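Text of start_27.cif, listed as mmCIF, C-alpha atoms and all ligand atoms:
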data_target
#
loop_
_atom_site.label_atom_id
_atom_site.label_comp_id
_atom_site.auth_asym_id
_atom_site.auth_seq_id
_atom_site.Cartn_x
_atom_site.Cartn_y
_atom_site.Cartn_z
CA MET A 1 175.26 -44.28 -34.13
CA ALA A 2 177.14 -47.18 -32.47
CA LEU A 3 180.38 -46.32 -30.72
CA SER A 4 183.35 -48.68 -30.30
CA TYR A 5 186.66 -48.41 -28.46
CA LEU A 6 189.88 -49.67 -30.01
CA ILE A 7 192.68 -50.08 -27.48
CA GLN A 8 196.25 -51.03 -28.33
CA PRO A 9 197.85 -53.33 -25.79
CA GLY A 10 200.37 -52.27 -23.16
CA GLY A 11 201.32 -49.02 -21.47
CA HIS A 12 200.77 -47.83 -17.94
CA LEU A 13 198.82 -45.05 -16.19
CA SER A 14 200.39 -41.98 -14.63
CA GLY A 15 199.41 -38.43 -13.76
CA SER A 16 197.15 -36.56 -11.38
CA ILE A 17 193.52 -36.12 -12.43
CA ARG A 18 190.00 -35.56 -11.23
CA VAL A 19 187.30 -37.92 -12.52
CA PRO A 20 183.73 -36.56 -12.94
CA GLY A 21 181.31 -36.03 -10.07
CA ASP A 22 179.59 -38.79 -8.14
CA LYS A 23 176.53 -40.10 -9.96
CA SER A 24 174.54 -41.16 -6.88
CA ILE A 25 175.11 -37.81 -5.17
CA SER A 26 174.37 -35.84 -8.36
CA HIS A 27 170.91 -37.43 -8.66
CA ARG A 28 170.13 -36.69 -5.03
CA SER A 29 171.26 -33.06 -5.28
CA ILE A 30 168.61 -32.46 -7.95
CA ILE A 31 165.85 -34.43 -6.23
CA LEU A 32 166.29 -32.84 -2.82
CA GLY A 33 167.11 -29.40 -4.28
CA ALA A 34 163.84 -29.52 -6.24
CA ILE A 35 161.65 -30.18 -3.20
CA ALA A 36 163.57 -27.81 -0.94
CA GLN A 37 162.58 -24.23 -0.23
CA GLY A 38 164.98 -21.78 -1.83
CA THR A 39 167.84 -22.00 -4.30
CA THR A 40 170.36 -24.84 -4.19
CA ARG A 41 173.71 -24.32 -5.92
CA VAL A 42 175.47 -27.54 -6.87
CA SER A 43 179.09 -27.80 -7.97
CA GLY A 44 180.98 -30.88 -9.14
CA PHE A 45 177.75 -32.17 -10.76
CA LEU A 46 178.11 -35.16 -13.10
CA GLU A 47 177.17 -34.03 -16.61
CA GLY A 48 176.42 -37.62 -17.61
CA GLU A 49 173.24 -38.81 -19.28
CA ASP A 50 171.85 -40.49 -16.15
CA ALA A 51 172.03 -37.35 -14.02
CA LEU A 52 170.74 -35.27 -16.96
CA ALA A 53 167.69 -37.58 -17.13
CA THR A 54 166.91 -36.65 -13.52
CA ILE A 55 167.23 -32.93 -14.36
CA ASN A 56 164.89 -33.28 -17.35
CA ILE A 57 162.28 -35.07 -15.27
CA PHE A 58 162.23 -32.26 -12.71
CA ARG A 59 161.93 -29.69 -15.49
CA ALA A 60 158.85 -31.64 -16.66
CA LEU A 61 157.56 -31.44 -13.06
CA GLY A 62 157.76 -27.65 -13.16
CA VAL A 63 161.12 -27.04 -11.46
CA LYS A 64 163.39 -24.35 -12.89
CA ILE A 65 166.93 -25.70 -13.17
CA GLU A 66 169.87 -23.75 -14.65
CA GLY A 67 172.82 -25.60 -16.17
CA PRO A 68 174.67 -27.83 -15.98
CA GLU A 69 177.51 -25.59 -17.04
CA ASN A 70 181.08 -26.38 -16.04
CA SER A 71 179.66 -28.97 -13.64
CA SER A 72 177.51 -26.38 -11.86
CA VAL A 73 173.73 -26.49 -11.52
CA VAL A 74 171.29 -24.10 -9.88
CA VAL A 75 168.02 -25.66 -8.68
CA HIS A 76 165.15 -23.31 -7.84
CA GLY A 77 163.35 -25.44 -5.27
CA VAL A 78 159.55 -25.47 -5.25
CA GLY A 79 159.12 -26.95 -1.78
CA LYS A 80 157.69 -30.35 -0.90
CA SER A 81 154.25 -29.64 -2.36
CA GLY A 82 155.28 -27.51 -5.35
CA LEU A 83 155.75 -30.15 -8.07
CA VAL A 84 153.20 -30.05 -10.89
CA ALA A 85 151.70 -32.77 -13.09
CA PRO A 86 153.92 -33.61 -16.08
CA ARG A 87 152.47 -33.35 -19.60
CA THR A 88 154.68 -36.17 -20.94
CA LEU A 89 156.03 -39.58 -20.03
CA LEU A 90 158.99 -39.22 -17.69
CA ASP A 91 162.00 -40.81 -19.42
CA CYS A 92 164.67 -42.15 -17.07
CA GLY A 93 166.89 -43.31 -19.97
CA ASN A 94 169.38 -45.93 -18.71
CA SER A 95 169.19 -44.78 -15.09
CA GLY A 96 167.88 -47.21 -12.47
CA THR A 97 168.56 -44.67 -9.73
CA THR A 98 166.33 -42.11 -11.43
CA MET A 99 163.49 -44.58 -11.88
CA ARG A 100 163.52 -46.10 -8.41
CA LEU A 101 164.00 -42.85 -6.48
CA MET A 102 161.42 -41.03 -8.58
CA ALA A 103 158.94 -43.89 -8.01
CA GLY A 104 159.11 -43.10 -4.28
CA LEU A 105 158.75 -39.37 -4.71
CA LEU A 106 156.00 -39.50 -7.35
CA ALA A 107 153.97 -42.15 -5.49
CA ALA A 108 153.40 -39.50 -2.83
CA GLN A 109 152.18 -36.74 -5.20
CA ARG A 110 148.54 -35.85 -5.85
CA PHE A 111 149.02 -36.09 -9.63
CA SER A 112 149.57 -39.17 -11.79
CA SER A 113 152.71 -39.85 -13.80
CA ILE A 114 154.40 -42.54 -15.87
CA LEU A 115 158.08 -43.45 -15.60
CA THR A 116 159.76 -45.20 -18.51
CA GLY A 117 163.28 -45.90 -19.73
CA ASP A 118 165.53 -47.39 -22.41
CA SER A 119 165.63 -51.03 -23.56
CA SER A 120 167.90 -52.03 -20.64
CA LEU A 121 166.00 -50.17 -17.91
CA VAL A 122 162.58 -51.57 -18.90
CA LYS A 123 163.96 -55.08 -18.23
CA ARG A 124 165.18 -54.33 -14.69
CA PRO A 125 163.20 -55.41 -11.60
CA MET A 126 160.91 -52.77 -10.11
CA ARG A 127 158.77 -54.90 -7.75
CA ARG A 128 161.40 -54.37 -5.06
CA VAL A 129 160.37 -50.72 -4.92
CA VAL A 130 156.70 -51.03 -5.95
CA GLU A 131 155.82 -53.59 -3.25
CA PRO A 132 156.86 -51.56 -0.19
CA LEU A 133 155.43 -48.37 -1.72
CA THR A 134 152.12 -50.23 -2.21
CA LYS A 135 152.22 -51.14 1.49
CA MET A 136 152.40 -47.39 2.16
CA GLY A 137 149.22 -46.90 0.11
CA ALA A 138 150.74 -46.08 -3.28
CA GLN A 139 149.09 -47.18 -6.50
CA ILE A 140 151.67 -48.23 -9.08
CA GLU A 141 151.13 -50.47 -12.06
CA THR A 142 154.06 -52.33 -13.63
CA SER A 143 154.30 -54.54 -16.70
CA THR A 144 153.25 -58.18 -16.09
CA ASN A 145 156.84 -59.14 -15.25
CA GLY A 146 157.23 -56.37 -12.67
CA CYS A 147 159.18 -53.93 -14.83
CA ALA A 148 158.73 -50.40 -16.21
CA PRO A 149 156.84 -48.50 -17.43
CA LEU A 150 155.58 -47.59 -13.96
CA LYS A 151 152.11 -46.04 -14.04
CA ILE A 152 151.72 -44.09 -10.83
CA THR A 153 148.26 -42.90 -9.78
CA GLY A 154 147.96 -39.61 -7.92
CA ASN A 155 147.57 -40.08 -4.21
CA SER A 156 145.99 -38.17 -1.38
CA GLY A 157 148.03 -39.59 1.46
CA LEU A 158 150.53 -42.37 2.11
CA CYS A 159 151.03 -44.01 5.50
CA GLY A 160 154.41 -44.61 7.07
CA ILE A 161 155.58 -48.22 7.42
CA GLU A 162 158.24 -50.21 9.18
CA TYR A 163 160.10 -52.08 6.48
CA ALA A 164 162.87 -54.65 6.73
CA MET A 165 164.67 -54.63 3.39
CA PRO A 166 164.86 -58.07 1.76
CA VAL A 167 167.51 -56.93 -0.78
CA ALA A 168 170.49 -54.68 -0.11
CA SER A 169 169.47 -51.64 -2.15
CA ALA A 170 170.17 -47.97 -1.54
CA GLN A 171 167.77 -47.18 -4.36
CA VAL A 172 164.87 -48.91 -2.61
CA LYS A 173 165.82 -47.41 0.76
CA SER A 174 165.98 -43.93 -0.81
CA ALA A 175 162.64 -44.36 -2.60
CA LEU A 176 160.97 -45.23 0.71
CA LEU A 177 162.64 -42.34 2.51
CA LEU A 178 161.40 -39.94 -0.20
CA ALA A 179 157.87 -41.35 0.09
CA GLY A 180 158.23 -41.12 3.87
CA LEU A 181 158.77 -37.35 3.60
CA TYR A 182 155.05 -37.19 2.67
CA ALA A 183 153.56 -40.09 4.66
CA SER A 184 151.52 -39.86 7.83
CA GLY A 185 153.27 -41.30 10.88
CA LYS A 186 156.80 -42.63 10.84
CA THR A 187 158.56 -44.45 8.00
CA CYS A 188 161.33 -46.71 9.31
CA ILE A 189 163.61 -48.79 7.10
CA THR A 190 165.93 -51.47 8.41
CA GLU A 191 168.77 -52.89 6.34
CA ARG A 192 170.51 -56.22 6.91
CA VAL A 193 173.55 -54.91 5.08
CA LYS A 194 174.26 -51.20 5.16
CA THR A 195 174.12 -49.62 1.72
CA ARG A 196 175.25 -46.17 0.59
CA ASP A 197 173.71 -43.48 2.79
CA HIS A 198 173.95 -40.47 0.48
CA THR A 199 170.21 -39.76 0.80
CA GLU A 200 170.40 -39.73 4.58
CA LYS A 201 173.51 -37.52 4.57
CA MET A 202 172.00 -35.10 2.09
CA LEU A 203 168.65 -34.89 3.89
CA SER A 204 170.63 -33.83 6.97
CA ALA A 205 172.51 -31.27 4.87
CA PHE A 206 169.12 -29.83 3.84
CA GLY A 207 168.26 -29.52 7.53
CA TYR A 208 165.82 -32.44 7.54
CA HIS A 209 165.78 -34.38 10.76
CA LEU A 210 166.05 -38.15 10.53
CA VAL A 211 166.55 -40.67 13.28
CA LEU A 212 169.36 -43.16 12.78
CA SER A 213 169.86 -46.10 15.05
CA GLY A 214 172.05 -49.02 14.03
CA ASN A 215 170.87 -50.18 10.60
CA THR A 216 167.48 -48.42 10.91
CA VAL A 217 166.59 -44.99 9.58
CA CYS A 218 163.28 -43.22 10.25
CA VAL A 219 161.68 -40.08 8.78
CA THR A 220 158.37 -38.29 9.21
CA SER A 221 156.58 -35.77 7.01
CA GLU A 222 156.65 -33.03 9.60
CA GLU A 223 159.56 -30.99 8.30
CA LYS A 224 160.67 -29.07 5.26
CA LEU A 225 163.95 -29.03 3.36
CA ASN A 226 165.96 -25.82 3.30
CA ALA A 227 168.05 -25.13 0.21
CA THR A 228 171.80 -25.40 0.66
CA ASP A 229 174.98 -25.35 -1.43
CA ILE A 230 176.37 -28.76 -2.37
CA THR A 231 179.86 -29.67 -3.56
CA ILE A 232 179.92 -33.13 -5.08
CA PRO A 233 183.09 -35.23 -4.81
CA SER A 234 184.49 -37.27 -7.71
CA ASP A 235 182.87 -40.64 -8.25
CA ILE A 236 184.76 -43.56 -6.71
CA SER A 237 182.96 -45.85 -9.16
CA SER A 238 184.56 -43.96 -12.08
CA ALA A 239 187.91 -43.74 -10.27
CA THR A 240 187.96 -47.55 -9.87
CA PHE A 241 188.67 -48.17 -13.58
CA PHE A 242 191.91 -46.24 -13.23
CA ILE A 243 192.70 -47.69 -9.78
CA VAL A 244 192.52 -51.15 -11.35
CA GLY A 245 194.37 -50.02 -14.50
CA ALA A 246 197.25 -48.60 -12.44
CA SER A 247 197.33 -51.64 -10.13
CA ILE A 248 197.80 -54.09 -13.04
CA SER A 249 200.27 -52.17 -15.24
CA PRO A 250 203.96 -52.00 -14.18
CA GLY A 251 205.32 -48.43 -14.02
CA SER A 252 201.97 -46.88 -13.05
CA ASP A 253 201.81 -44.11 -10.46
CA LEU A 254 198.53 -42.24 -10.41
CA VAL A 255 196.74 -39.72 -8.20
CA LEU A 256 192.94 -39.36 -8.41
CA ARG A 257 191.98 -36.14 -6.67
CA GLY A 258 188.93 -35.35 -4.52
CA VAL A 259 187.27 -38.77 -4.66
CA GLY A 260 184.29 -39.60 -2.40
CA ILE A 261 185.28 -42.33 0.06
CA ASN A 262 181.96 -42.91 1.85
CA PRO A 263 182.58 -46.22 3.73
CA ALA A 264 179.53 -47.74 2.00
CA ARG A 265 181.34 -47.20 -1.34
CA THR A 266 184.95 -48.23 -0.64
CA GLY A 267 184.57 -52.00 -0.90
CA ALA A 268 186.70 -52.05 -4.07
CA ILE A 269 189.62 -50.37 -2.28
CA GLU A 270 189.41 -52.90 0.56
CA ILE A 271 189.20 -55.82 -1.88
CA LEU A 272 192.11 -54.57 -4.02
CA ARG A 273 194.24 -54.02 -0.91
CA LEU A 274 193.55 -57.62 0.16
CA MET A 275 194.74 -58.65 -3.32
CA GLY A 276 198.02 -56.79 -2.74
CA ALA A 277 197.27 -53.42 -4.40
CA ASP A 278 199.27 -50.35 -3.37
CA ILE A 279 196.56 -47.75 -2.66
CA GLU A 280 197.11 -44.77 -0.39
CA LEU A 281 194.49 -42.25 0.76
CA GLN A 282 195.84 -38.71 1.11
CA ASN A 283 194.39 -35.36 2.22
CA GLU A 284 191.26 -36.86 3.75
CA CYS A 285 188.55 -34.31 4.57
CA LEU A 286 184.76 -33.88 4.74
CA MET A 287 182.77 -32.23 1.94
CA GLY A 288 179.13 -31.50 2.83
CA GLY A 289 179.10 -34.45 5.23
CA GLU A 290 180.70 -36.83 2.70
CA PRO A 291 184.28 -38.07 3.29
CA VAL A 292 186.69 -37.28 0.43
CA ALA A 293 190.37 -38.08 -0.30
CA ASP A 294 193.04 -38.06 -2.98
CA ILE A 295 193.80 -41.64 -3.96
CA ARG A 296 197.37 -42.58 -4.95
CA VAL A 297 197.80 -45.91 -6.75
CA ARG A 298 201.03 -47.56 -7.82
CA TYR A 299 201.53 -50.83 -9.65
CA ALA A 300 201.84 -53.87 -7.39
CA PRO A 301 201.59 -57.59 -8.15
CA LEU A 302 198.11 -58.88 -7.29
CA PHE A 303 197.08 -62.30 -6.03
CA GLY A 304 193.70 -64.03 -6.04
CA ILE A 305 191.46 -64.07 -2.96
CA ASP A 306 188.06 -65.23 -1.73
CA ILE A 307 186.21 -61.91 -1.62
CA PRO A 308 184.86 -61.37 1.91
CA GLN A 309 181.05 -60.96 2.06
CA PRO A 310 181.11 -57.72 4.10
CA TYR A 311 182.71 -55.91 1.14
CA VAL A 312 180.24 -57.06 -1.52
CA ALA A 313 177.52 -54.39 -1.12
CA ALA A 314 180.11 -51.64 -0.79
CA ALA A 315 181.74 -52.70 -4.08
CA ILE A 316 178.60 -53.64 -6.01
CA ASP A 317 179.20 -51.29 -8.96
CA GLU A 318 182.92 -52.05 -9.07
CA PHE A 319 182.85 -55.80 -9.81
CA PRO A 320 183.29 -55.45 -13.58
CA ALA A 321 186.60 -53.64 -12.91
CA LEU A 322 187.49 -56.01 -10.04
CA PHE A 323 187.03 -58.99 -12.39
CA ILE A 324 189.75 -57.45 -14.58
CA ALA A 325 191.99 -57.12 -11.50
CA ALA A 326 191.29 -60.82 -10.76
CA ALA A 327 192.22 -61.79 -14.33
CA ASN A 328 195.61 -60.15 -13.71
CA ALA A 329 196.15 -61.67 -10.26
CA LYS A 330 198.21 -64.75 -9.51
CA GLY A 331 195.86 -67.59 -8.58
CA LYS A 332 192.13 -67.87 -8.10
CA THR A 333 189.64 -65.17 -7.10
CA VAL A 334 186.18 -66.26 -5.95
CA LEU A 335 183.15 -63.98 -5.64
CA THR A 336 179.91 -65.21 -4.05
CA GLY A 337 176.81 -63.43 -2.69
CA ALA A 338 176.57 -60.98 -5.58
CA HIS A 339 173.41 -62.12 -7.39
CA GLU A 340 172.47 -58.42 -7.74
CA LEU A 341 175.09 -58.17 -10.50
CA ARG A 342 172.72 -60.12 -12.73
CA VAL A 343 170.13 -57.29 -12.66
CA LYS A 344 172.32 -54.26 -13.29
CA GLU A 345 172.53 -52.39 -16.63
CA SER A 346 173.40 -55.84 -18.05
CA ASP A 347 173.79 -59.28 -16.48
CA ARG A 348 177.28 -58.36 -15.31
CA ILE A 349 178.16 -61.92 -14.24
CA GLN A 350 177.40 -63.43 -17.65
CA VAL A 351 178.58 -60.51 -19.79
CA MET A 352 181.92 -60.17 -17.94
CA ALA A 353 182.48 -63.97 -17.96
CA ASP A 354 181.79 -64.06 -21.71
CA GLY A 355 184.21 -61.18 -22.35
CA LEU A 356 186.97 -62.65 -20.17
CA THR A 357 186.55 -66.06 -21.82
CA ARG A 358 186.83 -64.36 -25.22
CA LEU A 359 190.24 -63.03 -24.14
CA GLY A 360 191.32 -66.51 -23.01
CA VAL A 361 190.90 -66.01 -19.26
CA ASN A 362 189.54 -68.93 -17.23
CA ALA A 363 186.34 -67.31 -15.89
CA THR A 364 183.44 -69.43 -14.60
CA PRO A 365 180.15 -67.66 -13.88
CA THR A 366 178.12 -68.97 -10.93
CA LEU A 367 174.57 -68.13 -9.83
CA ASP A 368 175.76 -65.35 -7.53
CA GLY A 369 179.32 -64.60 -8.53
CA MET A 370 182.34 -65.75 -10.51
CA ILE A 371 185.53 -67.80 -10.23
CA ILE A 372 188.47 -66.31 -12.11
CA VAL A 373 191.94 -67.81 -12.49
CA GLY A 374 194.46 -65.08 -13.35
CA SER A 375 196.64 -65.55 -16.45
CA ASN A 376 198.12 -63.78 -19.44
CA TYR A 377 195.43 -63.04 -21.99
CA ASP A 378 194.91 -62.14 -25.63
CA GLY A 379 193.03 -59.29 -27.23
CA GLY A 380 189.83 -59.69 -29.19
CA ASP A 381 186.37 -58.30 -29.84
CA ILE A 382 184.21 -57.69 -26.77
CA ASP A 383 180.48 -56.98 -26.66
CA SER A 384 179.73 -54.62 -23.77
CA HIS A 385 175.96 -55.15 -24.17
CA GLY A 386 175.54 -51.40 -23.83
CA ASP A 387 176.79 -51.53 -20.23
CA HIS A 388 179.01 -48.53 -19.42
CA ARG A 389 180.95 -50.26 -16.65
CA VAL A 390 181.61 -53.38 -18.75
CA ALA A 391 183.00 -51.20 -21.57
CA MET A 392 185.34 -49.21 -19.29
CA SER A 393 186.53 -52.37 -17.51
CA PHE A 394 187.63 -54.06 -20.73
CA ALA A 395 189.26 -50.82 -21.85
CA VAL A 396 191.69 -50.93 -18.90
CA ALA A 397 192.13 -54.70 -19.37
CA ALA A 398 193.97 -53.82 -22.60
CA LEU A 399 196.91 -52.51 -20.52
CA ARG A 400 197.90 -56.19 -20.05
CA ALA A 401 196.50 -57.83 -23.19
CA LYS A 402 198.82 -59.36 -25.80
CA THR A 403 196.96 -57.86 -28.75
CA GLU A 404 194.40 -55.14 -29.51
CA ILE A 405 191.02 -55.13 -27.75
CA LYS A 406 187.96 -53.81 -29.57
CA ILE A 407 184.90 -53.07 -27.45
CA ASN A 408 181.53 -52.66 -29.14
CA ASP A 409 178.40 -50.78 -28.01
CA CYS A 410 180.18 -48.18 -25.85
CA ALA A 411 177.87 -45.15 -26.24
CA ASN A 412 176.42 -45.67 -22.75
CA VAL A 413 179.76 -44.79 -21.17
CA ALA A 414 178.33 -41.26 -21.45
CA THR A 415 175.70 -42.18 -18.84
CA SER A 416 178.28 -42.12 -16.04
CA PHE A 417 181.65 -41.02 -17.39
CA PRO A 418 181.51 -38.47 -20.22
CA GLY A 419 185.01 -37.92 -21.60
CA PHE A 420 186.31 -41.31 -20.40
CA ALA A 421 188.37 -42.04 -23.52
CA VAL A 422 190.02 -38.59 -23.55
CA LEU A 423 190.95 -38.80 -19.86
CA ALA A 424 192.12 -42.42 -20.15
CA SER A 425 194.29 -41.51 -23.10
CA ALA A 426 195.83 -38.56 -21.18
CA LEU A 427 196.80 -41.03 -18.44
CA GLY A 428 198.50 -43.42 -20.88
CA LEU A 429 195.85 -45.78 -22.27
CA ASN A 430 196.25 -46.16 -26.03
CA ILE A 431 192.52 -45.80 -26.77
CA SER A 432 190.64 -44.44 -29.77
CA GLU A 433 186.93 -44.16 -30.42
CA CYS A 434 185.25 -45.12 -33.66
CA SER A 435 181.67 -44.64 -34.72
CA ASN A 436 180.14 -47.30 -36.93
C1 LIG B 1 172.74 -46.56 -6.38
C2 LIG B 1 172.60 -47.74 -5.67
C3 LIG B 1 173.09 -49.02 -6.18
C4 LIG B 1 174.07 -48.88 -7.32
C5 LIG B 1 173.60 -47.87 -8.33
C6 LIG B 1 173.41 -46.51 -7.68
C7 LIG B 1 172.19 -45.31 -5.80
O1 LIG B 1 171.99 -49.79 -6.64
O2 LIG B 1 174.29 -50.13 -7.92
O3 LIG B 1 174.55 -47.76 -9.37
O4 LIG B 1 172.54 -44.22 -6.27
O5 LIG B 1 171.42 -45.42 -4.84
P1 LIG B 1 171.10 -50.66 -5.64
O6 LIG B 1 170.63 -49.76 -4.61
O7 LIG B 1 170.00 -51.23 -6.47
O8 LIG B 1 172.01 -51.74 -5.15
#
Kindly return the structure encoded in the file as structure tokens.
Ligand code: S3P
Amino acid sequence: MALSYLIQPGGHLSGSIRVPGDKSISHRSIILGAIAQGTTRVSGFLEGEDALATINIFRALGVKIEGPENSSVVVHGVGKSGLVAPRTLLDCGNSGTTMRLMAGLLAAQRFSSILTGDSSLVKRPMRRVVEPLTKMGAQIETSTNGCAPLKITGNSGLCGIEYAMPVASAQVKSALLLAGLYASGKTCITERVKTRDHTEKMLSAFGYHLVLSGNTVCVTSEEKLNATDITIPSDISSATFFIVGASISPGSDLVLRGVGINPARTGAIEILRLMGADIELQNECLMGGEPVADIRVRYAPLFGIDIPQPYVAAAIDEFPALFIAAANAKGKTVLTGAHELRVKESDRIQVMADGLTRLGVNATPTLDGMIIVGSNYDGGDIDSHGDHRVAMSFAVAALRAKTEIKINDCANVATSFPGFAVLASALGLNISECSN
């Protein structure tokens, strides 16, 4: 059944809350827990559909996993060579992270498998992961246009490679690292732009030795992973909708507790601060090797900026929300160097530009970014194209709209932020859900 959000205009956000667990780290806790020796206990796990897809795939690969229950999961690791051939297609749902990381892990197994996904995922580019895995000796067949389903043939030995990443992608880097855990020799990956390093941090937490030097990371197959307990911080990508909402609505004063602030993920905070946002990090600490803080946000007038390139990769998932901040800023905001946005769950450049234009905002899509001139804007009907982050971004945009905003095709919000509408409403957003 289709789900829509209806949001009445106005209001502000206040309170102190915890948003759900980090999606990227949740996936990795299952993947590494499954191939570790011993029992891994995970708390703060994201009970969203994407992370659940990863759990279901490992169940199909013979791993016993308890939960999730109250954000806790227990993974009974089978060791690096304990996975078994699946009897079914492996369904990654909407989750690109599941598909790309699993491609790396499964390419190194002796058994064959097929990864598939929903109507959005089967349109997303997979050659970026298939090509380097093929160089390692993997056999993976894609559709003619390089997309899923991925038919992976069982393999009796990959070889390590040295690979310079042509696209900034933590998913590709992680897929190659996972394959490298099984490959002969050394697998070394060099990034031009540093992307999120949750895989590297978590491999270390599982006692796996990797060599880091500058923007290069190397692994070998010589070690094993030892089960460990993992506490997952709140997801900064989910927190960003409320950080933007509070920044644009006068009277807001909000605290988001226990949010992961890995430097490869805090681009949105840096960008918003450059735009004039009032964002304070409090109680900073480390949680299983990942930096965490409480984030306090108060309303402040924003102004348009040229977004500096060094922040683009570290804010890649946050641009839908940042475009709403730009629509509320005085003057012009220009984003370039973000072509990747066109191959996310939707074409986020086109879909966000269409939605902003519908509200009366001057938003011009470019090949690799967007130019937005801030202004007052109306309400209206928005098509999220089934993209969770587009839906949540337009929901907070309603805080400053002149009339009601209706957002269609919102069911996929459950992939990353189950309970979004309830939490948003507790903070002061006048949002209701309707099924049609
Ligand atoms: C992710 C990496 C990013 C991000 C995605 C999650 C991950 O994708 O957009 O939501 O968990 O590794 P890319 O690595 O393709 O940029």
- [ ] Would you be able to write out as a PyMOL selection string which residues have an atom within 12 Å of (172.4, -59.1, -18.8) in the file's coordinates, counting only C-alpha atoms?
- [x] chain A and resi 119-121+123-124+339-354+383-387+390
Open item on the list: Between A:Ile431, A:Leu133, A:Leu256, A:Ile307, which residue has the minimum interatomic distance to Ala395 (chain A), considering all atoms listed in the file?
Closed with: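 Once distances to Ala395 (chain A) are computed over all atoms listed in the file, the minimum belongs to A:Ile431.
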TODO: Please identify all polymer residues within 7 Å of region 32-36 of chain A, counting all atoms listed in the file, omitting same-chain residues fewer than 5 positions from it, and present them as a count of residues only.
DONE: 11
Open item on the list: Measuring between all atoms listed in the file, which one of A:Gly38, A:Gly258, A:Pro320, A:Pro9 shows the shortest distance to ligand LIG 1 (chain B)?
Closed with: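 Closest residue, counting all atoms listed in the file: A:Pro320.
Minimum atom-to-atom distances from A:Val73, A:Met370, A:Cys410, A:Ala170 to ligand LIG 1 (chain B) were compared using all atoms listed in the file, and the lowest value belongs to A:Ala170.
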Open item on the list: Show me, as a PyMOL selection string, the residues that have an atom within 12 Å of Ile30 (chain A) when counting all atoms listed in the file, minus same-chain residues fewer than 6 positions from it.
Closed with: chain A and resi 23-24+36+39-43+45-46+50-59+63-68+72-78+98+101-102+199+202+227-230+232
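Note that CA of Val219 (chain A) and CA of Leu181 (chain A) are 6.5 Å apart.
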Go through chain A residue by residue and, counting all atoms listed in the file, keep those with an atom at most 6 Å from ligand LIG 1 (chain B); for each kept residue give the shortest atom pair and its distance in Å to one decimal, ordered by chain and increasing number, as JSON lines.
{"residue": "A:Ser24", "atom": "CA", "partner": "B:LIG1", "partner_atom": "O4", "distance": 3.7}
{"residue": "A:Thr97", "atom": "CA", "partner": "B:LIG1", "partner_atom": "O4", "distance": 5.3}
{"residue": "A:Ser169", "atom": "CA", "partner": "B:LIG1", "partner_atom": "O6", "distance": 3.3}
{"residue": "A:Ala170", "atom": "CA", "partner": "B:LIG1", "partner_atom": "O6", "distance": 3.6}
{"residue": "A:Gln171", "atom": "CA", "partner": "B:LIG1", "partner_atom": "O6", "distance": 3.9}
{"residue": "A:Ile316", "atom": "CA", "partner": "B:LIG1", "partner_atom": "O2", "distance": 5.9}
{"residue": "A:Asp317", "atom": "CA", "partner": "B:LIG1", "partner_atom": "O2", "distance": 5.2}
TODO: Tell me which of A:Ile269, A:Val167, A:Leu356, A:Ala338 sits closest to Gly369 (chain A), counting all atoms listed in the file.
DONE: A:Ala338
- [ ] Tell me, in Å to one decimal, how far CA of Leu176 (chain A) is from CA of Gly104 (chain A).
- [x] 5.7 Å
Task: Protein/DNA/RNA residues near (163.9, -35.2, 9.7), cut 9 Å, all atoms listed in the file, as a count of residues only - done: 16
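Shortest atom-to-atom contact with Thr364 (chain A) among A:Leu427, A:Met392, A:Leu13, A:Val334: A:Val334, counting all atoms listed in the file.
Of the residues under consideration (A:Leu89, A:Ser95, A:Arg257, A:Ala300), A:Arg257 shows the shortest atom-to-atom contact distance to Cys285 (chain A) when counting only C-alpha atoms.
Note that CA of Gln309 (chain A) and CA of Val193 (chain A) are 10.1 Å apart.
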How big is the axis-aligned box, and where does its centre sit, when it encloses all atoms of region 295-300 of chain A listed in the file and has 6 Å added on every side, reported in Å to one decimal as JSON?
{"center_x": 197.8, "center_y": -47.8, "center_z": -6.8, "size_x": 20.0, "size_y": 24.2, "size_z": 17.7}
TODO: May I have the residues within 8 Å of region 397-400 of chain A as a list in words, using all atoms listed in the file and disregarding those fewer than 2 positions away in the same chain?
DONE: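 In the requested form, the answer reads Ile7, Gln8, Pro9, Gly10, Gly11, His12, Gly245, Ile248, Ser249, Ile324, Asn328, Asn376, Tyr377, Gly379, Ser393, Phe394, Ala395, Lys402, Thr403, Glu404, Ile405 and Leu429 of chain A.
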